[in-house]
Amino acid sequence: MDNTNQRKALINSEISLFLRGLIIGKVLTLMVIGGLLWWFLKPNLLSSRNSVNPSSAQNVKSVSNNVSNNISNNVSNNNGSTFQTVADVPPASFNYGGSTAWASIRQLVDSQIQSDRPELQLRYVNPVNGSPGSSSGIRMLLDGKLDFAQSSRPLTDEEQATAKERGFTLEQRQVGRDGIAVVVNPSLNVPGLTVEQLQQIYLGKITNWNQVGGPNLPITAFSQRPEDADTVIFPNNSDLKGQAFGSNVQYVYSATDAVRQLSKTPGGVYYASARSVVFQCSVKALPLGQTSGQLITPYREPMVSPEQCPRQRNQLNTQAIKNGSYPMIANLFVIIKQNKGSEQQIGNAYANLLLTDQGQRAIEQAGFVRVR
């Protein structure tokens, strides 16, 4: 090392020692000053501390407890009701069934329920005869084959009368909302349908698409059998209630079967839970309205074409279903057997689970509209 570098190193070392000593000196000075102040003020501090009013100390403690309780309550309120907060959930295994439109709820929501409440086990049961749906599920509940049922339509007077004959009643608890969508083959060019036109198609009174503004093409209407149906287009309060379908209707086992048939039937049409069919790539959902001048789409516009699917999929028009502007709504009900037995207990518990904040969020995630 040359003389210049040695000199620089020495200077740096001296500067470092100087700064270290300066800092240590300041610290020692402050400690001395602090000790002197404590010595002179100690008697007054002790006197002041001993003269504190006990009731004041109690008040301070009370305020602290109140703040703690308020924070705890606010946290609880913000969290909302969950599956864990529902009381009277029976620890056993139960059979349930019904609407195929509820498939995404069974996959997403029911699996969450059983994860959070492992004491409860739910088993979906298909009908031995006929296809699964709201109607077949309610029939199985009436026959004692299910503990509760899931339905995408309200109870009928006949079902209530059958329950009464058998010594109990049925209760329907709404937990969500869906739309009824009308789907056709993607190649069909038709502006949309009114509710009345749809009903007339299934009664066999409109048989060609040129009668509703479409091409000269015979209409092939697909449906589940009425005794097994998931949803209905002739509601209880309609003059058409109980009307038989026309001879032009071809019956299918399920929505999956209907979608498969539509993809190869240019003049085909089918109605089902909007949640079940709006997302499908091989069919096209039609706008629907009470009048031809007020057609509402069951999907969010703009429509995703079949060519864009499945990279993109149509999404449910939840806003129109929520505000009631969409003309055909399917309310989701838990059907509960009111017999003061285990069936009533599990039916009530299941409905209560779905109506928690956690349950309603999960129903929304499953593609439906929440009711609270």
# chains A, B, ... in the order shown; residues from 1 in each chain; ligands from 1
>>> select_by_dssp(residues="segment 111-320 of chain A", states="strand (DSSP E or B)", output="ChimeraX atom specification")
/A:121-124,148-151,169-184,193-194,208,218,220-223,249-251,268-273,284-285,288-289,296,299,316
>>> select_by_dssp(residues="segment 142-214 of chain A", states="helix (DSSP H, G or I)", output="PyMOL selection string")
chain A and resi 142+157-165+195-202+209-212
>>> write_last_selection(atoms="C-alpha atoms", output="mmCIF file, in the first residue's frame")
data_model
loop_
_atom_site.group_PDB
_atom_site.id
_atom_site.type_symbol
_atom_site.label_atom_id
_atom_site.label_comp_id
_atom_site.auth_asym_id
_atom_site.auth_seq_id
_atom_site.Cartn_x
_atom_site.Cartn_y
_atom_site.Cartn_z
ATOM 1 C CA LEU A 142 -94.869 -37.691 -0.798
ATOM 2 C CA ASP A 157 -102.898 -27.811 -5.268
ATOM 3 C CA GLU A 158 -102.933 -31.524 -6.118
ATOM 4 C CA GLU A 159 -99.632 -32.125 -4.313
ATOM 5 C CA GLN A 160 -100.863 -30.282 -1.228
ATOM 6 C CA ALA A 161 -104.089 -32.311 -1.294
ATOM 7 C CA THR A 162 -102.141 -35.593 -1.550
ATOM 8 C CA ALA A 163 -100.011 -34.615 1.445
ATOM 9 C CA LYS A 164 -103.113 -33.806 3.488
ATOM 10 C CA GLU A 165 -104.635 -37.189 2.635
ATOM 11 C CA VAL A 195 -94.819 -16.182 -23.430
ATOM 12 C CA GLU A 196 -98.157 -16.798 -25.142
ATOM 13 C CA GLN A 197 -96.456 -17.927 -28.374
ATOM 14 C CA LEU A 198 -94.302 -20.376 -26.411
ATOM 15 C CA GLN A 199 -97.381 -21.811 -24.715
ATOM 16 C CA GLN A 200 -99.211 -22.107 -28.047
ATOM 17 C CA ILE A 201 -96.251 -24.008 -29.511
ATOM 18 C CA TYR A 202 -96.444 -26.598 -26.731
ATOM 19 C CA TRP A 209 -91.651 -20.989 -37.322
ATOM 20 C CA ASN A 210 -93.093 -18.730 -40.058
ATOM 21 C CA GLN A 211 -96.068 -18.150 -37.726
ATOM 22 C CA VAL A 212 -93.775 -16.266 -35.309
#
>>> closest_residue(among="A:Thr207, A:Ser223, A:Thr231, A:Ser263", to="Phe245 of chain A", atoms="only C-alpha atoms")
A:Ser223
>>> residues_around(residues="Ser187 of chain A", least_positions_apart="6", cutoff="9 Å", atoms="only C-alpha atoms", output="list in words")
Pro266, Gly267, Val283 and Lys284 of chain A
>>> write_last_selection(atoms="N, CA, C and O atoms", output="compact mmCIF listing (two decimals), in the first residue's frame")
# COMPACT_ATOMS: atom_id res chain seq x y z
N PRO A 266 -82.87 -28.65 -36.84
CA PRO A 266 -82.94 -27.22 -37.19
C PRO A 266 -84.18 -26.49 -36.67
O PRO A 266 -84.11 -25.32 -36.32
N GLY A 267 -85.33 -27.20 -36.59
CA GLY A 267 -86.56 -26.54 -36.14
C GLY A 267 -86.90 -26.81 -34.69
O GLY A 267 -88.03 -26.55 -34.25
N VAL A 283 -76.53 -24.65 -28.46
CA VAL A 283 -77.89 -24.12 -28.63
C VAL A 283 -77.86 -22.60 -28.53
O VAL A 283 -76.87 -22.01 -28.08
N LYS A 284 -78.95 -21.98 -28.93
CA LYS A 284 -79.06 -20.52 -28.88
C LYS A 284 -80.29 -20.14 -28.07
O LYS A 284 -81.39 -20.63 -28.34
>>> residues_around(residues="segment 342-344 of chain A", least_positions_apart="5", cutoff="7 Å", atoms="only C-alpha atoms", output="list of chain:residue names")
A:Asp147, A:Phe148, A:Ile336, A:Lys337
>>> atom_distance(atom1="atom CA of Val304 of chain A", atom2="atom CA of Leu316 of chain A")
11.7 Å
>>> residues_around(residues="Ser111 of chain A", least_positions_apart="6", cutoff="12 Å", atoms="only C-alpha atoms", output="list in words")
Phe83, Ala103, Ser104, Ile105, Arg117, Pro118, Leu120, Gln121, Leu122, Arg123, Tyr124, Gly359, Ala362 and Ala366 of chain A
>>> write_last_selection(atoms="C-alpha atoms", output="mmCIF file, in the first residue's frame")
data_model
loop_
_atom_site.group_PDB
_atom_site.id
_atom_site.type_symbol
_atom_site.label_atom_id
_atom_site.label_comp_id
_atom_site.auth_asym_id
_atom_site.auth_seq_id
_atom_site.Cartn_x
_atom_site.Cartn_y
_atom_site.Cartn_z
ATOM 1 C CA PHE A 83 -73.154 -22.672 7.977
ATOM 2 C CA ALA A 103 -77.137 -29.519 -10.088
ATOM 3 C CA SER A 104 -74.656 -26.665 -9.604
ATOM 4 C CA ILE A 105 -76.024 -26.048 -6.080
ATOM 5 C CA ARG A 117 -70.973 -29.523 9.020
ATOM 6 C CA PRO A 118 -69.475 -33.036 8.716
ATOM 7 C CA LEU A 120 -74.650 -33.980 8.238
ATOM 8 C CA GLN A 121 -74.500 -36.292 5.218
ATOM 9 C CA LEU A 122 -76.716 -35.746 2.150
ATOM 10 C CA ARG A 123 -77.344 -38.306 -0.592
ATOM 11 C CA TYR A 124 -79.035 -37.398 -3.878
ATOM 12 C CA GLY A 359 -75.411 -19.937 1.722
ATOM 13 C CA ALA A 362 -72.727 -19.708 -2.553
ATOM 14 C CA ALA A 366 -73.562 -21.384 -8.417
#
>>> residues_around(residues="Val232 of chain A", least_positions_apart="4", cutoff="12 Å", atoms="only C-alpha atoms", output="PyMOL selection string")
chain A and resi 99+133-135+151-156+179-181+195+198-199+202+223-228+236-238+240-243+245+270-273+328-331
>>> residues_around(residues="Asp357 of chain A", least_positions_apart="5", cutoff="10 Å", atoms="only C-alpha atoms", output="PyMOL selection string")
chain A and resi 79-83+362-363+370+372
>>> write_last_selection(atoms="all heavy atoms", output="CSV table (one decimal), in the first residue's frame")
chain,number,residue,atom,x,y,z
A,79,ASN,N,-69.0,-10.4,9.6
A,79,ASN,CA,-68.9,-11.8,9.1
A,79,ASN,C,-70.2,-12.4,8.6
A,79,ASN,O,-70.2,-13.2,7.7
A,79,ASN,CB,-68.3,-12.7,10.2
A,79,ASN,CG,-66.8,-12.4,10.4
A,79,ASN,OD1,-66.2,-11.8,9.6
A,79,ASN,ND2,-66.3,-12.8,11.6
A,80,GLY,N,-71.3,-12.0,9.2
A,80,GLY,CA,-72.6,-12.5,8.8
A,80,GLY,C,-72.8,-14.0,9.3
A,80,GLY,O,-72.0,-14.6,9.9
A,81,SER,N,-74.0,-14.5,8.9
A,81,SER,CA,-74.4,-15.8,9.3
A,81,SER,C,-73.7,-16.8,8.4
A,81,SER,O,-73.5,-16.6,7.2
A,81,SER,CB,-75.9,-16.0,9.3
A,81,SER,OG,-76.4,-15.6,8.0
A,82,THR,N,-73.2,-17.9,9.0
A,82,THR,CA,-72.5,-18.9,8.2
A,82,THR,C,-73.2,-20.3,8.5
A,82,THR,O,-74.1,-20.4,9.3
A,82,THR,CB,-71.1,-19.0,8.7
A,82,THR,OG1,-71.0,-19.5,10.0
A,82,THR,CG2,-70.4,-17.6,8.6
A,83,PHE,N,-72.7,-21.3,7.8
A,83,PHE,CA,-73.2,-22.7,8.0
A,83,PHE,C,-72.9,-23.1,9.4
A,83,PHE,O,-73.7,-23.9,10.0
A,83,PHE,CB,-72.5,-23.6,7.0
A,83,PHE,CG,-72.7,-23.4,5.6
A,83,PHE,CD1,-71.8,-23.6,4.6
A,83,PHE,CD2,-74.0,-22.9,5.2
A,83,PHE,CE1,-72.0,-23.3,3.2
A,83,PHE,CE2,-74.3,-22.7,3.8
A,83,PHE,CZ,-73.3,-22.9,2.9
A,362,ALA,N,-73.0,-18.5,-1.8
A,362,ALA,CA,-72.7,-19.7,-2.6
A,362,ALA,C,-73.8,-20.0,-3.7
A,362,ALA,O,-73.4,-20.4,-4.8
A,362,ALA,CB,-72.7,-20.9,-1.6
A,363,ILE,N,-75.0,-19.7,-3.4
A,363,ILE,CA,-76.1,-19.8,-4.4
A,363,ILE,C,-75.8,-18.9,-5.6
A,363,ILE,O,-75.9,-19.3,-6.8
A,363,ILE,CB,-77.5,-19.6,-3.8
A,363,ILE,CG1,-77.9,-20.8,-3.0
A,363,ILE,CG2,-78.5,-19.2,-4.9
A,363,ILE,CD1,-79.2,-20.7,-2.3
A,370,ARG,N,-79.8,-14.6,-5.6
A,370,ARG,CA,-80.1,-14.7,-4.2
A,370,ARG,C,-81.4,-14.0,-3.9
A,370,ARG,O,-81.8,-13.1,-4.6
A,370,ARG,CB,-78.9,-14.2,-3.4
A,370,ARG,CG,-78.6,-12.7,-3.6
A,370,ARG,CD,-77.3,-12.3,-3.0
A,370,ARG,NE,-77.2,-12.5,-1.6
A,370,ARG,CZ,-76.0,-12.5,-0.9
A,370,ARG,NH1,-74.9,-12.3,-1.5
A,370,ARG,NH2,-76.0,-12.6,0.4
A,372,ARG,N,-81.9,-12.9,-0.5
A,372,ARG,CA,-81.7,-12.0,0.6
A,372,ARG,C,-80.2,-11.7,0.7
A,372,ARG,O,-79.4,-12.3,0.0
A,372,ARG,CB,-82.1,-12.7,1.9
A,372,ARG,CG,-81.5,-14.0,2.3
A,372,ARG,CD,-81.8,-14.5,3.7
A,372,ARG,NE,-81.3,-13.5,4.7
A,372,ARG,CZ,-80.1,-13.6,5.1
A,372,ARG,NH1,-79.2,-14.5,4.7
A,372,ARG,NH2,-79.7,-12.7,6.0
>>> closest_residue(among="A:Leu355, A:Leu188, A:Leu286, A:Leu193", to="Lys264 of chain A", atoms="only C-alpha atoms")
A:Leu188
>>> closest_residue(among="A:Val128, A:Leu354, A:Ile233, A:Val277", to="Thr194 of chain A", atoms="only C-alpha atoms")
A:Ile233
>>> atom_distance(atom1="atom CA of Gly137 of chain A", atom2="atom CA of Gly97 of chain A")
5.4 Å
>>> closest_residue(among="A:Ile321, A:Val190, A:Leu141, A:Ala92", to="Glu171 of chain A", atoms="only C-alpha atoms")
A:Leu141
>>> closest_residue(among="A:Thr169, A:Thr220, A:Thr265, A:Gln290", to="Gly246 of chain A", atoms="only C-alpha atoms")
A:Thr220
>>> closest_residue(among="A:Ser136, A:Gly293, A:Gly204, A:Val252", to="Pro218 of chain A", atoms="only C-alpha atoms")
A:Gly204
